[in-house]
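A.B. asks: Take a look at this one; I'll ask things after.
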Amino acid sequence: MKQIIITVLTQALATCRAQGQLPAEATTEINVDRTRDSKHGDFASNIALVLAKPAKLNPRVLAEKIIAAIPATPTIAKVEIAGPGFINFFLQQDSIFAVVNTVLSQRERFGRSTIGAGQRIQVEFVSANPTGPLHVGHGRGAAYGSALASVLTAAGYNVDREYYVNDAGRQMDILAASVWLRYLELCGEAVVFPTNAYKGDYVWDIAATLHRDNAERYRTAWADVTGDLPADEPQGGDKEDYIDAIIARMKTLLSADDYRKVFDLGLHVILDDIRDDLQRFSVNYDQWYSERSLADSGAVQRALDKLQQNNHTYHHDGALWFRSTAFGDEKDRVLVRDNGQTTYFASDVAYHLDKFERGFDKVVNIWGADHHGYVPRVKGALQAMGIDPNRLTVLLVQFAILYQGGHKVQMSTRSGEFITLRELRKQVGSDATRFFYVMRKSEQHLDFDMDLAKSQSSDNPMYYIQYAHARVNSVLRKAEEKGWGFDQASGLAHLNLLTESHEQALLTALARYPEVIESAAKYYEPHQVTEYLRELAQHFHTYNNAHKFLVDDAALRNARLALILAVKHVVYNGLTILGVSAPESM
RNA sequence: GCCCUGGUAGCUCAGUGGAUAGAGCAGCCGCCUCCUAAGCGGCAGGUCGCCGGUUCAACUCCGGCCCAGGGCACCA
């Protein structure tokens with residue numbers, strides 16, 4: 001509909017130019033918006049205000065000329081000048097009713113758009129290190145990424161959802177060491193657990209599995225482990241140096257093969273847990289991409305070669321550096337450490353090169369806000385390798401703060417005490433958790449009110465929306481019980497009986513849905529969908545309260561049922577995008 | 001110090017250059033003989049952090065300042 005108006009305005013402007021009423025150089029992008037107030041019609045354009053200056057005309061005079069040049073269009077009933085020079089468009093009633101027909105025939109396809117057609121886009125999200133269960137911070141990234149991917153799919157993009165598995169690197173070594181030390185404890189060794197090791201209970205579980213399946217095969221005397229190692233933090237040493245020394249010792253005491261077995265057990269147990277957790281959260285992936293595979297396949301070396309060939313690297317202090325300052329970063333970054341090991345950053349350069357080599361037109365990374373400092377170096381590396389950095393969008397998700405009983409829920413990632421996503425889902429439920437996570441725009445700090453999310457009242461926006469869906473269903477059931485059923489053909493034939501202001505408002509709301517999807521996709525903002533659904537549900541509940549649907553007049557009754565059935569479809573479509581269920585009854 | 005986010009009603013937040021800045025909650029007053037009251041209506045509530053600038057038009061864009069949170073590794 002909006003497109004029709006833009007087309008019509010484009011034609012009108014061309015006519016004005018042809019008649020010499022508007023200078024040829026007076027051009028601008030045509031802006032058409034829905035009006036806030038129905039007195040201003042259905043759509044409005046500010047075109048006359050924008051072009052008034054270049055046209056050297058009073059905006060209202062220019063608006064007159066534009067309106068005079070607008071070709072007759074069946075869907076437009078009336079065009080008016082208002083205020084300082086707005087052009088207001090009033091739609092034909094028939095084209096307003098048409099949305100019901102469209103929704104009922106397209107059903108779950110209603111709202112899909114083609115703005116992304118032919119474009120491949122990758123959304124990478126969560127990608128938490130498999131060193132422990134997901135916590136509530138990851139949950140927000142999961143809900144947001146998943147909803148965004150669905151929005152983009154609805155907008156016509158070919159979307160690929162990916163989880164980057166950090167299955168290499170120091171943190172994973174620390175996990176392997178943590179598992180092994182707990183295992184030694186189970187074997188009866190008097191282990192003093194390192195300050196910097198992972199202390200969560202899940203580490204005990206993995207160690208127990210290791211012990212159950214392998215008995216004492218990996219056992220070493222604790223004295224042989226610590227031997228001549230530096231002191232840990234409580235003894236005045238450095239906890240980082242200490243844990244690194246433990247890892248090195250573990251690698252010498254176990255064969256490479258055995259080390260890998262312990263390492264992989266931890267990795268697989270935790271990754272399986274994460275997979276399970278996300279699946280229960282209705283978050284699914286097309287690809288789980290292994291960091292280790294980048295090194296194994298030589299992709300990391302290829303990326304380093306590429307940077308070196310393009311003269312963007314140098315050697316210093318025994319390390320290989322990327323000159324990221326040449327691309328706006330605040331300092332240069334190490335790719336290969338003086339000990340010969342590549343950095344996480346080197347893997348990430350290779351990973352991002354690989355993403356674009358896989359043929360994605362656009363790549364979206366969803367990161368925690370604490371990683372924002374990382375953006376310039378990754379974009380810099382892409383540019384250094386000859387890839388347009390604007391094809392990569394990094395979306396930063398701020399932290400979620402949980403509130404319960406009016407108080408902030410204390411969280412500490414230290415000593416393994418944190419609220420897991422699983423625990424949150426268990427307490428609040430998957431639907432409400434997902435809804436609350438995406439209710440706010442991602443760059444906003446989120447105050448997550450667990451009591452509200454759990455409450456089954458209209459105060460809870462998710463229940464409010466779900467209830468609209470269930471309520472339509474309830475009315476339809478009642479129609480069956482009364483022996484009337486629902487005659488869709490009759491309803492569609494009598495849409496012109498829907499003249500109440502509540503009905504008109506609802507029709508407009510339904511027609512807005514495709515625009516909301518496009519906007520949410522364009523700005524990567526799924527929260528627009530939650531906002532919209534709340535408004536739609538509100539229009540519905542208000543209507544329900546003001547008018548009876550199941551009236552004796554069959555024509556009116558069927559028309560109303562057609563309208564509310566359309567509402568049901570749209571609520572379903574929107575909730576589905578958000579990963580929230582739409583119950584038939586509540 | 002530098003970099004990223006925020007600052008809009010008592011609280012939580014929409015508002016992505018337009019018309020009189022909106023919603024939910026909290027507060028006050030009302031609405032079930034009726035398809036689910038898990039609902040609806042009304043009242044009250046604002047220096048859009050502050051100061052400049054751009055524009056016909058600024059909560060929105062630009063600059064400076066103040067406040068809050070986060071980030072500034074040869075960790076991941």
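Labeling convention for the structure tokens: chains A, B, ... as they appear, residues from 1 per chain, ligands from 1 in order of appearance.
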Need the shell around segment 32-40 of chain B: protein/DNA/RNA residues with any atom at most 12 Å away, counting only C-alpha atoms (C1' of nucleotides). Skip same-chain ones fewer than 2 positions apart. Format as a PyMOL selection string?
C.D. replies: (chain A and resi 455-482+537-551+557+561+585-586) or (chain B and resi 30+42)
A.B. asks: With C-alpha atoms (C1' of nucleotides) retained, export the selected residues as a PDB file, in the first residue's frame.
C.D. replies:
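Produced file out_19.pdb, reproduced below:
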ATOM      1  CA  SER A 455       2.875 -14.006  36.528  1.00  0.00           C
ATOM      2  CA  GLN A 456      -0.209 -15.179  34.693  1.00  0.00           C
ATOM      3  CA  SER A 457      -1.911 -11.827  34.464  1.00  0.00           C
ATOM      4  CA  SER A 458      -2.516  -9.108  31.929  1.00  0.00           C
ATOM      5  CA  ASP A 459       0.387  -7.252  33.509  1.00  0.00           C
ATOM      6  CA  ASN A 460       2.568  -9.753  31.752  1.00  0.00           C
ATOM      7  CA  PRO A 461       2.741  -8.617  28.116  1.00  0.00           C
ATOM      8  CA  MET A 462       3.403 -12.093  26.847  1.00  0.00           C
ATOM      9  CA  TYR A 463       0.261 -13.538  28.422  1.00  0.00           C
ATOM     10  CA  TYR A 464      -1.655 -10.527  27.208  1.00  0.00           C
ATOM     11  CA  ILE A 465      -0.682 -11.324  23.617  1.00  0.00           C
ATOM     12  CA  GLN A 466      -1.092 -15.085  23.922  1.00  0.00           C
ATOM     13  CA  TYR A 467      -4.489 -14.523  25.460  1.00  0.00           C
ATOM     14  CA  ALA A 468      -5.636 -12.642  22.358  1.00  0.00           C
ATOM     15  CA  HIS A 469      -4.779 -15.722  20.309  1.00  0.00           C
ATOM     16  CA  ALA A 470      -6.526 -18.088  22.708  1.00  0.00           C
ATOM     17  CA  ARG A 471      -9.514 -15.803  22.997  1.00  0.00           C
ATOM     18  CA  VAL A 472     -10.194 -15.820  19.250  1.00  0.00           C
ATOM     19  CA  ASN A 473     -10.077 -19.553  19.388  1.00  0.00           C
ATOM     20  CA  SER A 474     -12.493 -19.571  22.270  1.00  0.00           C
ATOM     21  CA  VAL A 475     -14.968 -17.454  20.332  1.00  0.00           C
ATOM     22  CA  LEU A 476     -14.731 -19.756  17.333  1.00  0.00           C
ATOM     23  CA  ARG A 477     -15.344 -22.738  19.614  1.00  0.00           C
ATOM     24  CA  LYS A 478     -18.372 -21.014  21.060  1.00  0.00           C
ATOM     25  CA  ALA A 479     -19.702 -20.385  17.544  1.00  0.00           C
ATOM     26  CA  GLU A 480     -19.466 -24.110  16.911  1.00  0.00           C
ATOM     27  CA  GLU A 481     -21.251 -24.877  20.159  1.00  0.00           C
ATOM     28  CA  LYS A 482     -24.084 -22.577  19.203  1.00  0.00           C
ATOM     29  CA  ALA A 537      -3.580  -7.509  21.113  1.00  0.00           C
ATOM     30  CA  GLN A 538      -4.711  -4.320  22.773  1.00  0.00           C
ATOM     31  CA  HIS A 539      -6.848  -3.353  19.776  1.00  0.00           C
ATOM     32  CA  PHE A 540      -8.353  -6.814  19.854  1.00  0.00           C
ATOM     33  CA  HIS A 541      -9.129  -6.867  23.582  1.00  0.00           C
ATOM     34  CA  THR A 542     -10.656  -3.410  23.371  1.00  0.00           C
ATOM     35  CA  TYR A 543     -12.807  -4.485  20.458  1.00  0.00           C
ATOM     36  CA  ASN A 544     -13.838  -7.624  22.295  1.00  0.00           C
ATOM     37  CA  ASN A 545     -14.942  -5.557  25.227  1.00  0.00           C
ATOM     38  CA  ALA A 546     -16.911  -3.051  23.184  1.00  0.00           C
ATOM     39  CA  HIS A 547     -18.727  -5.436  20.846  1.00  0.00           C
ATOM     40  CA  LYS A 548     -20.157  -8.890  20.785  1.00  0.00           C
ATOM     41  CA  PHE A 549     -18.851 -11.055  17.978  1.00  0.00           C
ATOM     42  CA  LEU A 550     -21.482 -13.776  18.108  1.00  0.00           C
ATOM     43  CA  VAL A 551     -24.458 -11.702  17.064  1.00  0.00           C
ATOM     44  CA  ARG A 557     -21.229 -12.282  12.693  1.00  0.00           C
ATOM     45  CA  LEU A 561     -15.290 -13.738  12.852  1.00  0.00           C
ATOM     46  CA  SER A 585      -6.585 -22.111  24.946  1.00  0.00           C
ATOM     47  CA  MET A 586      -5.357 -20.761  28.246  1.00  0.00           C
TER      48      MET A 586
ATOM     49  C1'   G B  30     -15.443   3.015  37.275  1.00  0.00           C
ATOM     50  C1'   G B  42     -11.644   7.131  32.538  1.00  0.00           C
TER      51        G B  42
END
A.B. asks: Hey, what's within 12 Å of G70 of chain B if we count only C-alpha atoms (C1' of nucleotides) and toss same-chain stuff fewer than 3 positions away? As a short mmCIF file (atom, residue, chain, number, x, y, z; two decimals) with N, CA, C and O atoms (P, O5', C5', C4', C3', O3' and C1' of nucleotides), in the first residue's frame, please?
C.D. replies:
data_model
loop_
_atom_site.label_atom_id
_atom_site.label_comp_id
_atom_site.auth_asym_id
_atom_site.auth_seq_id
_atom_site.Cartn_x
_atom_site.Cartn_y
_atom_site.Cartn_z
N GLY A 368 28.37 -10.01 22.96
CA GLY A 368 28.11 -9.31 24.20
C GLY A 368 28.78 -7.94 24.13
O GLY A 368 29.80 -7.78 23.46
N ALA A 369 28.18 -6.98 24.80
CA ALA A 369 28.68 -5.61 24.71
C ALA A 369 30.12 -5.49 25.21
O ALA A 369 30.84 -4.58 24.82
N ASP A 370 30.53 -6.45 26.04
CA ASP A 370 31.90 -6.37 26.56
C ASP A 370 32.94 -6.66 25.47
O ASP A 370 34.12 -6.45 25.69
N HIS A 371 32.51 -7.10 24.31
CA HIS A 371 33.46 -7.38 23.23
C HIS A 371 33.56 -6.23 22.23
O HIS A 371 34.18 -6.39 21.19
N HIS A 372 32.99 -5.10 22.54
CA HIS A 372 32.91 -4.07 21.51
C HIS A 372 34.27 -3.59 21.04
O HIS A 372 34.43 -3.23 19.88
N GLY A 373 35.26 -3.63 21.95
CA GLY A 373 36.58 -3.17 21.59
C GLY A 373 37.22 -4.03 20.51
O GLY A 373 38.22 -3.66 19.89
N LEU A 396 25.81 -5.49 19.22
CA LEU A 396 26.23 -5.69 20.60
C LEU A 396 25.01 -5.79 21.51
O LEU A 396 24.13 -4.93 21.48
N VAL A 397 24.95 -6.85 22.26
CA VAL A 397 23.83 -7.06 23.17
C VAL A 397 24.28 -6.72 24.58
O VAL A 397 25.27 -7.26 25.07
N GLN A 398 23.55 -5.82 25.20
CA GLN A 398 23.90 -5.42 26.57
C GLN A 398 23.47 -6.49 27.57
O GLN A 398 22.70 -7.38 27.27
N PHE A 399 23.93 -6.33 28.78
CA PHE A 399 23.66 -7.33 29.80
C PHE A 399 22.21 -7.31 30.26
O PHE A 399 21.54 -6.28 30.19
N GLU A 443 20.56 -3.00 22.46
CA GLU A 443 21.62 -2.18 23.06
C GLU A 443 21.18 -1.52 24.36
O GLU A 443 21.93 -0.77 24.95
N GLN A 444 19.94 -1.82 24.78
CA GLN A 444 19.48 -1.34 26.08
C GLN A 444 19.87 -2.35 27.15
O GLN A 444 19.73 -3.55 26.95
N HIS A 445 20.30 -1.85 28.28
CA HIS A 445 20.46 -2.75 29.42
C HIS A 445 19.07 -3.26 29.75
O HIS A 445 18.11 -2.51 29.71
P C B 3 37.28 9.01 22.17
"O5'" C B 3 36.80 7.51 22.04
"C5'" C B 3 37.31 6.67 21.02
"C4'" C B 3 36.76 5.28 21.18
"C3'" C B 3 35.26 5.19 21.37
"O3'" C B 3 34.57 5.30 20.16
"C1'" C B 3 36.30 3.82 22.98
P C B 4 33.02 5.71 20.17
"O5'" C B 4 32.37 4.36 20.73
"C5'" C B 4 31.83 3.40 19.90
"C4'" C B 4 31.25 2.30 20.76
"C3'" C B 4 29.84 2.57 21.25
"O3'" C B 4 28.91 2.30 20.21
"C1'" C B 4 31.12 1.73 23.05
P U B 5 27.74 3.36 19.90
"O5'" U B 5 26.58 2.70 20.76
"C5'" U B 5 26.71 2.85 22.13
"C4'" U B 5 25.79 1.92 22.84
"C3'" U B 5 24.59 2.72 23.34
"O3'" U B 5 23.45 2.50 22.52
"C1'" U B 5 25.89 1.95 25.16
P G B 6 22.44 3.68 22.26
"O5'" G B 6 21.53 3.50 23.54
"C5'" G B 6 21.32 4.58 24.39
"C4'" G B 6 20.97 4.08 25.76
"C3'" G B 6 20.38 5.21 26.58
"O3'" G B 6 18.98 5.17 26.49
"C1'" G B 6 22.30 4.41 27.66
#
A.B. asks: For chain B, report every residue with an atom at most 12 Å from chain A (counting only C-alpha atoms (C1' of nucleotides)), formatted as a count of residues only.
C.D. replies: 44
A.B. asks: From a DSSP calculation on the backbone, collect every residue of segment 339-475 of chain A in helix (DSSP H, G or I) and output the set as number ranges by chain.
C.D. replies: A: 344-357, 369-384, 389-391, 414-416, 421-428, 430-438, 450-454, 461-475
A.B. asks: Could you save those same residues with C-alpha atoms as a PDB file, in the first residue's frame?
C.D. replies:
ATOM      1  CA  TYR A 344      42.451 -16.248  19.272  1.00  0.00           C
ATOM      2  CA  PHE A 345      42.463 -13.196  17.045  1.00  0.00           C
ATOM      3  CA  ALA A 346      44.328 -15.124  14.321  1.00  0.00           C
ATOM      4  CA  SER A 347      41.572 -17.759  14.382  1.00  0.00           C
ATOM      5  CA  ASP A 348      38.990 -15.045  14.195  1.00  0.00           C
ATOM      6  CA  VAL A 349      40.617 -13.443  11.177  1.00  0.00           C
ATOM      7  CA  ALA A 350      40.604 -16.829   9.477  1.00  0.00           C
ATOM      8  CA  TYR A 351      37.025 -17.442  10.565  1.00  0.00           C
ATOM      9  CA  HIS A 352      35.761 -14.177   9.134  1.00  0.00           C
ATOM     10  CA  LEU A 353      37.662 -14.697   5.907  1.00  0.00           C
ATOM     11  CA  ASP A 354      36.065 -18.116   5.709  1.00  0.00           C
ATOM     12  CA  LYS A 355      32.586 -16.682   6.239  1.00  0.00           C
ATOM     13  CA  PHE A 356      32.900 -14.478   3.189  1.00  0.00           C
ATOM     14  CA  GLU A 357      34.582 -17.218   1.167  1.00  0.00           C
ATOM     15  CA  ALA A 369      28.677  -5.606  24.710  1.00  0.00           C
ATOM     16  CA  ASP A 370      31.897  -6.375  26.560  1.00  0.00           C
ATOM     17  CA  HIS A 371      33.456  -7.378  23.227  1.00  0.00           C
ATOM     18  CA  HIS A 372      32.906  -4.068  21.512  1.00  0.00           C
ATOM     19  CA  GLY A 373      36.585  -3.170  21.585  1.00  0.00           C
ATOM     20  CA  TYR A 374      37.153  -6.142  19.329  1.00  0.00           C
ATOM     21  CA  VAL A 375      35.154  -4.762  16.404  1.00  0.00           C
ATOM     22  CA  PRO A 376      37.769  -2.432  14.834  1.00  0.00           C
ATOM     23  CA  ARG A 377      40.443  -5.119  14.590  1.00  0.00           C
ATOM     24  CA  VAL A 378      38.140  -7.678  12.959  1.00  0.00           C
ATOM     25  CA  LYS A 379      36.796  -5.131  10.482  1.00  0.00           C
ATOM     26  CA  GLY A 380      40.351  -3.947   9.921  1.00  0.00           C
ATOM     27  CA  ALA A 381      41.483  -7.478   9.130  1.00  0.00           C
ATOM     28  CA  LEU A 382      38.670  -7.898   6.606  1.00  0.00           C
ATOM     29  CA  GLN A 383      39.647  -4.668   4.896  1.00  0.00           C
ATOM     30  CA  ALA A 384      43.289  -5.733   4.908  1.00  0.00           C
ATOM     31  CA  PRO A 389      34.105  -4.378   6.129  1.00  0.00           C
ATOM     32  CA  ASN A 390      30.597  -2.937   5.761  1.00  0.00           C
ATOM     33  CA  ARG A 391      29.384  -6.386   4.787  1.00  0.00           C
ATOM     34  CA  ARG A 414      33.665 -16.328  39.761  1.00  0.00           C
ATOM     35  CA  SER A 415      33.692 -19.573  41.669  1.00  0.00           C
ATOM     36  CA  GLY A 416      31.090 -20.966  39.291  1.00  0.00           C
ATOM     37  CA  LEU A 421      19.858 -20.193  31.307  1.00  0.00           C
ATOM     38  CA  ARG A 422      18.463 -23.608  32.204  1.00  0.00           C
ATOM     39  CA  GLU A 423      17.553 -22.430  35.678  1.00  0.00           C
ATOM     40  CA  LEU A 424      15.892 -19.300  34.296  1.00  0.00           C
ATOM     41  CA  ARG A 425      13.895 -21.334  31.794  1.00  0.00           C
ATOM     42  CA  LYS A 426      12.846 -23.705  34.558  1.00  0.00           C
ATOM     43  CA  GLN A 427      11.614 -20.901  36.754  1.00  0.00           C
ATOM     44  CA  VAL A 428      10.093 -18.602  34.167  1.00  0.00           C
ATOM     45  CA  SER A 430      10.757 -20.838  27.784  1.00  0.00           C
ATOM     46  CA  ASP A 431       8.077 -18.631  26.214  1.00  0.00           C
ATOM     47  CA  ALA A 432       8.210 -15.815  28.732  1.00  0.00           C
ATOM     48  CA  THR A 433      11.993 -15.972  28.882  1.00  0.00           C
ATOM     49  CA  ARG A 434      12.273 -15.528  25.141  1.00  0.00           C
ATOM     50  CA  PHE A 435       9.667 -12.805  25.061  1.00  0.00           C
ATOM     51  CA  PHE A 436      11.224 -10.781  27.852  1.00  0.00           C
ATOM     52  CA  TYR A 437      14.688 -11.079  26.371  1.00  0.00           C
ATOM     53  CA  VAL A 438      13.649  -9.592  23.046  1.00  0.00           C
ATOM     54  CA  MET A 450      11.301 -12.604  36.845  1.00  0.00           C
ATOM     55  CA  ASP A 451       8.176 -12.182  38.959  1.00  0.00           C
ATOM     56  CA  LEU A 452       6.391 -10.367  36.155  1.00  0.00           C
ATOM     57  CA  ALA A 453       7.566 -12.883  33.567  1.00  0.00           C
ATOM     58  CA  LYS A 454       6.161 -15.690  35.722  1.00  0.00           C
ATOM     59  CA  PRO A 461       2.741  -8.617  28.116  1.00  0.00           C
ATOM     60  CA  MET A 462       3.403 -12.093  26.847  1.00  0.00           C
ATOM     61  CA  TYR A 463       0.261 -13.538  28.422  1.00  0.00           C
ATOM     62  CA  TYR A 464      -1.655 -10.527  27.208  1.00  0.00           C
ATOM     63  CA  ILE A 465      -0.682 -11.324  23.617  1.00  0.00           C
ATOM     64  CA  GLN A 466      -1.092 -15.085  23.922  1.00  0.00           C
ATOM     65  CA  TYR A 467      -4.489 -14.523  25.460  1.00  0.00           C
ATOM     66  CA  ALA A 468      -5.636 -12.642  22.358  1.00  0.00           C
ATOM     67  CA  HIS A 469      -4.779 -15.722  20.309  1.00  0.00           C
ATOM     68  CA  ALA A 470      -6.526 -18.088  22.708  1.00  0.00           C
ATOM     69  CA  ARG A 471      -9.514 -15.803  22.997  1.00  0.00           C
ATOM     70  CA  VAL A 472     -10.194 -15.820  19.250  1.00  0.00           C
ATOM     71  CA  ASN A 473     -10.077 -19.553  19.388  1.00  0.00           C
ATOM     72  CA  SER A 474     -12.493 -19.571  22.270  1.00  0.00           C
ATOM     73  CA  VAL A 475     -14.968 -17.454  20.332  1.00  0.00           C
TER      74      VAL A 475
END
A.B. asks: Could you tell me how far atom CA of Ile6 of chain A sits from atom CA of Asn31 of chain A, in Å to one decimal place?
C.D. replies: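 A separation of 7.6 Å between them.
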A.B. asks: As a PyMOL selection string, please: all residues of segment 269-461 of chain A that backbone DSSP puts in strand (DSSP E or B).
C.D. replies: chain A and resi 287-290+313-316+319-322+333-336+342+362-368+392-397+400-404+407-408+420+446-449
A.B. asks: Within 12 Å of C51 of chain B, counting only C-alpha atoms (C1' of nucleotides), which residues qualify if same-chain residues fewer than 4 places away don't, as a list in words?
C.D. replies: G63, G64, C65 and C66 of chain B
A.B. asks: Select, from A:Val567, A:Ala48, A:Val364, A:Ile206, the residue with the minimum atom-to-atom distance to Thr27 of chain A, counting only C-alpha atoms.
C.D. replies: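 Of all the options, A:Ala48 lies closest to Thr27 of chain A.
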A.B. asks: Which neighbours of Asp167 of chain A fall inside 10 Å, counting only C-alpha atoms (C1' of nucleotides), when residues of the same chain fewer than 4 positions from it are skipped, and could you give them as a PDB file with N, CA, C and O atoms, in the first residue's frame?
C.D. replies:
ATOM      1  N   ASN A 129      31.995 -20.005  24.854  1.00  0.00           N
ATOM      2  CA  ASN A 129      33.018 -21.031  25.028  1.00  0.00           C
ATOM      3  C   ASN A 129      32.399 -22.257  25.685  1.00  0.00           C
ATOM      4  O   ASN A 129      31.696 -22.111  26.681  1.00  0.00           O
ATOM      5  N   PRO A 130      32.699 -23.444  25.161  1.00  0.00           N
ATOM      6  CA  PRO A 130      32.146 -24.645  25.795  1.00  0.00           C
ATOM      7  C   PRO A 130      32.942 -25.023  27.045  1.00  0.00           C
ATOM      8  O   PRO A 130      33.474 -26.119  27.148  1.00  0.00           O
ATOM      9  N   THR A 131      32.995 -24.115  27.974  1.00  0.00           N
ATOM     10  CA  THR A 131      33.711 -24.384  29.225  1.00  0.00           C
ATOM     11  C   THR A 131      32.744 -24.503  30.392  1.00  0.00           C
ATOM     12  O   THR A 131      33.169 -24.662  31.530  1.00  0.00           O
ATOM     13  N   GLN A 171      41.357 -21.346  27.249  1.00  0.00           N
ATOM     14  CA  GLN A 171      40.226 -21.588  28.149  1.00  0.00           C
ATOM     15  C   GLN A 171      39.821 -23.055  28.140  1.00  0.00           C
ATOM     16  O   GLN A 171      39.445 -23.619  29.169  1.00  0.00           O
ATOM     17  N   MET A 172      39.891 -23.656  26.948  1.00  0.00           N
ATOM     18  CA  MET A 172      39.539 -25.071  26.862  1.00  0.00           C
ATOM     19  C   MET A 172      40.589 -25.938  27.549  1.00  0.00           C
ATOM     20  O   MET A 172      40.274 -26.972  28.122  1.00  0.00           O
ATOM     21  N   ASP A 173      41.858 -25.503  27.463  1.00  0.00           N
ATOM     22  CA  ASP A 173      42.920 -26.221  28.183  1.00  0.00           C
ATOM     23  C   ASP A 173      42.664 -26.149  29.688  1.00  0.00           C
ATOM     24  O   ASP A 173      42.877 -27.111  30.414  1.00  0.00           O
ATOM     25  N   PHE A 263      40.407 -33.805  27.246  1.00  0.00           N
ATOM     26  CA  PHE A 263      39.980 -32.534  26.666  1.00  0.00           C
ATOM     27  C   PHE A 263      38.646 -32.710  25.926  1.00  0.00           C
ATOM     28  O   PHE A 263      37.678 -31.963  26.147  1.00  0.00           O
ATOM     29  N   ASP A 264      38.591 -33.699  25.055  1.00  0.00           N
ATOM     30  CA  ASP A 264      37.398 -33.899  24.232  1.00  0.00           C
ATOM     31  C   ASP A 264      36.189 -34.332  25.049  1.00  0.00           C
ATOM     32  O   ASP A 264      35.060 -33.979  24.714  1.00  0.00           O
ATOM     33  N   LEU A 267      34.825 -31.161  26.381  1.00  0.00           N
ATOM     34  CA  LEU A 267      34.232 -30.416  25.265  1.00  0.00           C
ATOM     35  C   LEU A 267      32.885 -31.002  24.862  1.00  0.00           C
ATOM     36  O   LEU A 267      31.885 -30.280  24.758  1.00  0.00           O
ATOM     37  N   HIS A 268      32.850 -32.306  24.662  1.00  0.00           N
ATOM     38  CA  HIS A 268      31.629 -32.908  24.134  1.00  0.00           C
ATOM     39  C   HIS A 268      30.489 -32.902  25.133  1.00  0.00           C
ATOM     40  O   HIS A 268      29.349 -32.658  24.765  1.00  0.00           O
ATOM     41  N   LEU A 271      29.316 -29.264  25.255  1.00  0.00           N
ATOM     42  CA  LEU A 271      28.680 -28.853  24.008  1.00  0.00           C
ATOM     43  C   LEU A 271      27.316 -29.526  23.838  1.00  0.00           C
ATOM     44  O   LEU A 271      26.347 -28.895  23.401  1.00  0.00           O
ATOM     45  N   TYR A 289      30.211 -24.409  13.962  1.00  0.00           N
ATOM     46  CA  TYR A 289      31.488 -24.273  13.267  1.00  0.00           C
ATOM     47  C   TYR A 289      32.655 -24.344  14.241  1.00  0.00           C
ATOM     48  O   TYR A 289      32.751 -23.551  15.175  1.00  0.00           O
ATOM     49  N   SER A 290      33.526 -25.292  14.006  1.00  0.00           N
ATOM     50  CA  SER A 290      34.624 -25.550  14.932  1.00  0.00           C
ATOM     51  C   SER A 290      35.838 -24.659  14.694  1.00  0.00           C
ATOM     52  O   SER A 290      36.368 -24.586  13.584  1.00  0.00           O
ATOM     53  N   GLU A 291      36.290 -24.010  15.763  1.00  0.00           N
ATOM     54  CA  GLU A 291      37.502 -23.204  15.680  1.00  0.00           C
ATOM     55  C   GLU A 291      38.704 -24.096  15.361  1.00  0.00           C
ATOM     56  O   GLU A 291      39.568 -23.732  14.576  1.00  0.00           O
ATOM     57  N   ARG A 292      38.731 -25.272  15.966  1.00  0.00           N
ATOM     58  CA  ARG A 292      39.861 -26.178  15.777  1.00  0.00           C
ATOM     59  C   ARG A 292      40.020 -26.547  14.302  1.00  0.00           C
ATOM     60  O   ARG A 292      41.125 -26.695  13.794  1.00  0.00           O
ATOM     61  N   SER A 293      38.871 -26.670  13.609  1.00  0.00           N
ATOM     62  CA  SER A 293      38.928 -27.064  12.202  1.00  0.00           C
ATOM     63  C   SER A 293      39.637 -26.001  11.362  1.00  0.00           C
ATOM     64  O   SER A 293      40.201 -26.307  10.317  1.00  0.00           O
TER      65      SER A 293
END
A.B. asks: For segment 65-75 of chain A, list every protein, DNA or RNA residue within 6 Å, evaluated using only C-alpha atoms (C1' of nucleotides), and leave out those in the same chain fewer than 5 positions away; present the list as a JSON list (two decimals) with C-alpha atoms, in the first residue's frame.
C.D. replies:
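Resulting contents of result-v3.json:
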[["chain", "number", "residue", "atom", "x", "y", "z"],
["A", 12, "ALA", "CA", 3.07, 13.33, -9.77],
["A", 91, "LEU", "CA", -7.62, 5.00, 1.38],
["A", 92, "GLN", "CA", -10.73, 3.53, -0.23],
["A", 95, "SER", "CA", -8.71, -1.55, 0.09]]
A.B. asks: If you measure from atom CA of Ser105 of chain A to atom CA of Pro514 of chain A, what distance in Å do you get, rounded to one decimal?
C.D. replies: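 For atom CA of Ser105 of chain A relative to atom CA of Pro514 of chain A, the distance reads 14.9 Å.
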A.B. asks: Asp224 of chain A: which residues within 12 Å, counting only C-alpha atoms (C1' of nucleotides), same-chain residues fewer than 2 positions away excluded, as a ChimeraX atom specification?
C.D. replies: /A:184,189-191,219-222,226-229,246,249-250,252-254
A.B. asks: As an exercise, work out the distance from atom CA of Asn214 of chain A to atom CA of Ala176 of chain A in Å and give it to one decimal place.
C.D. replies: 15.6 Å
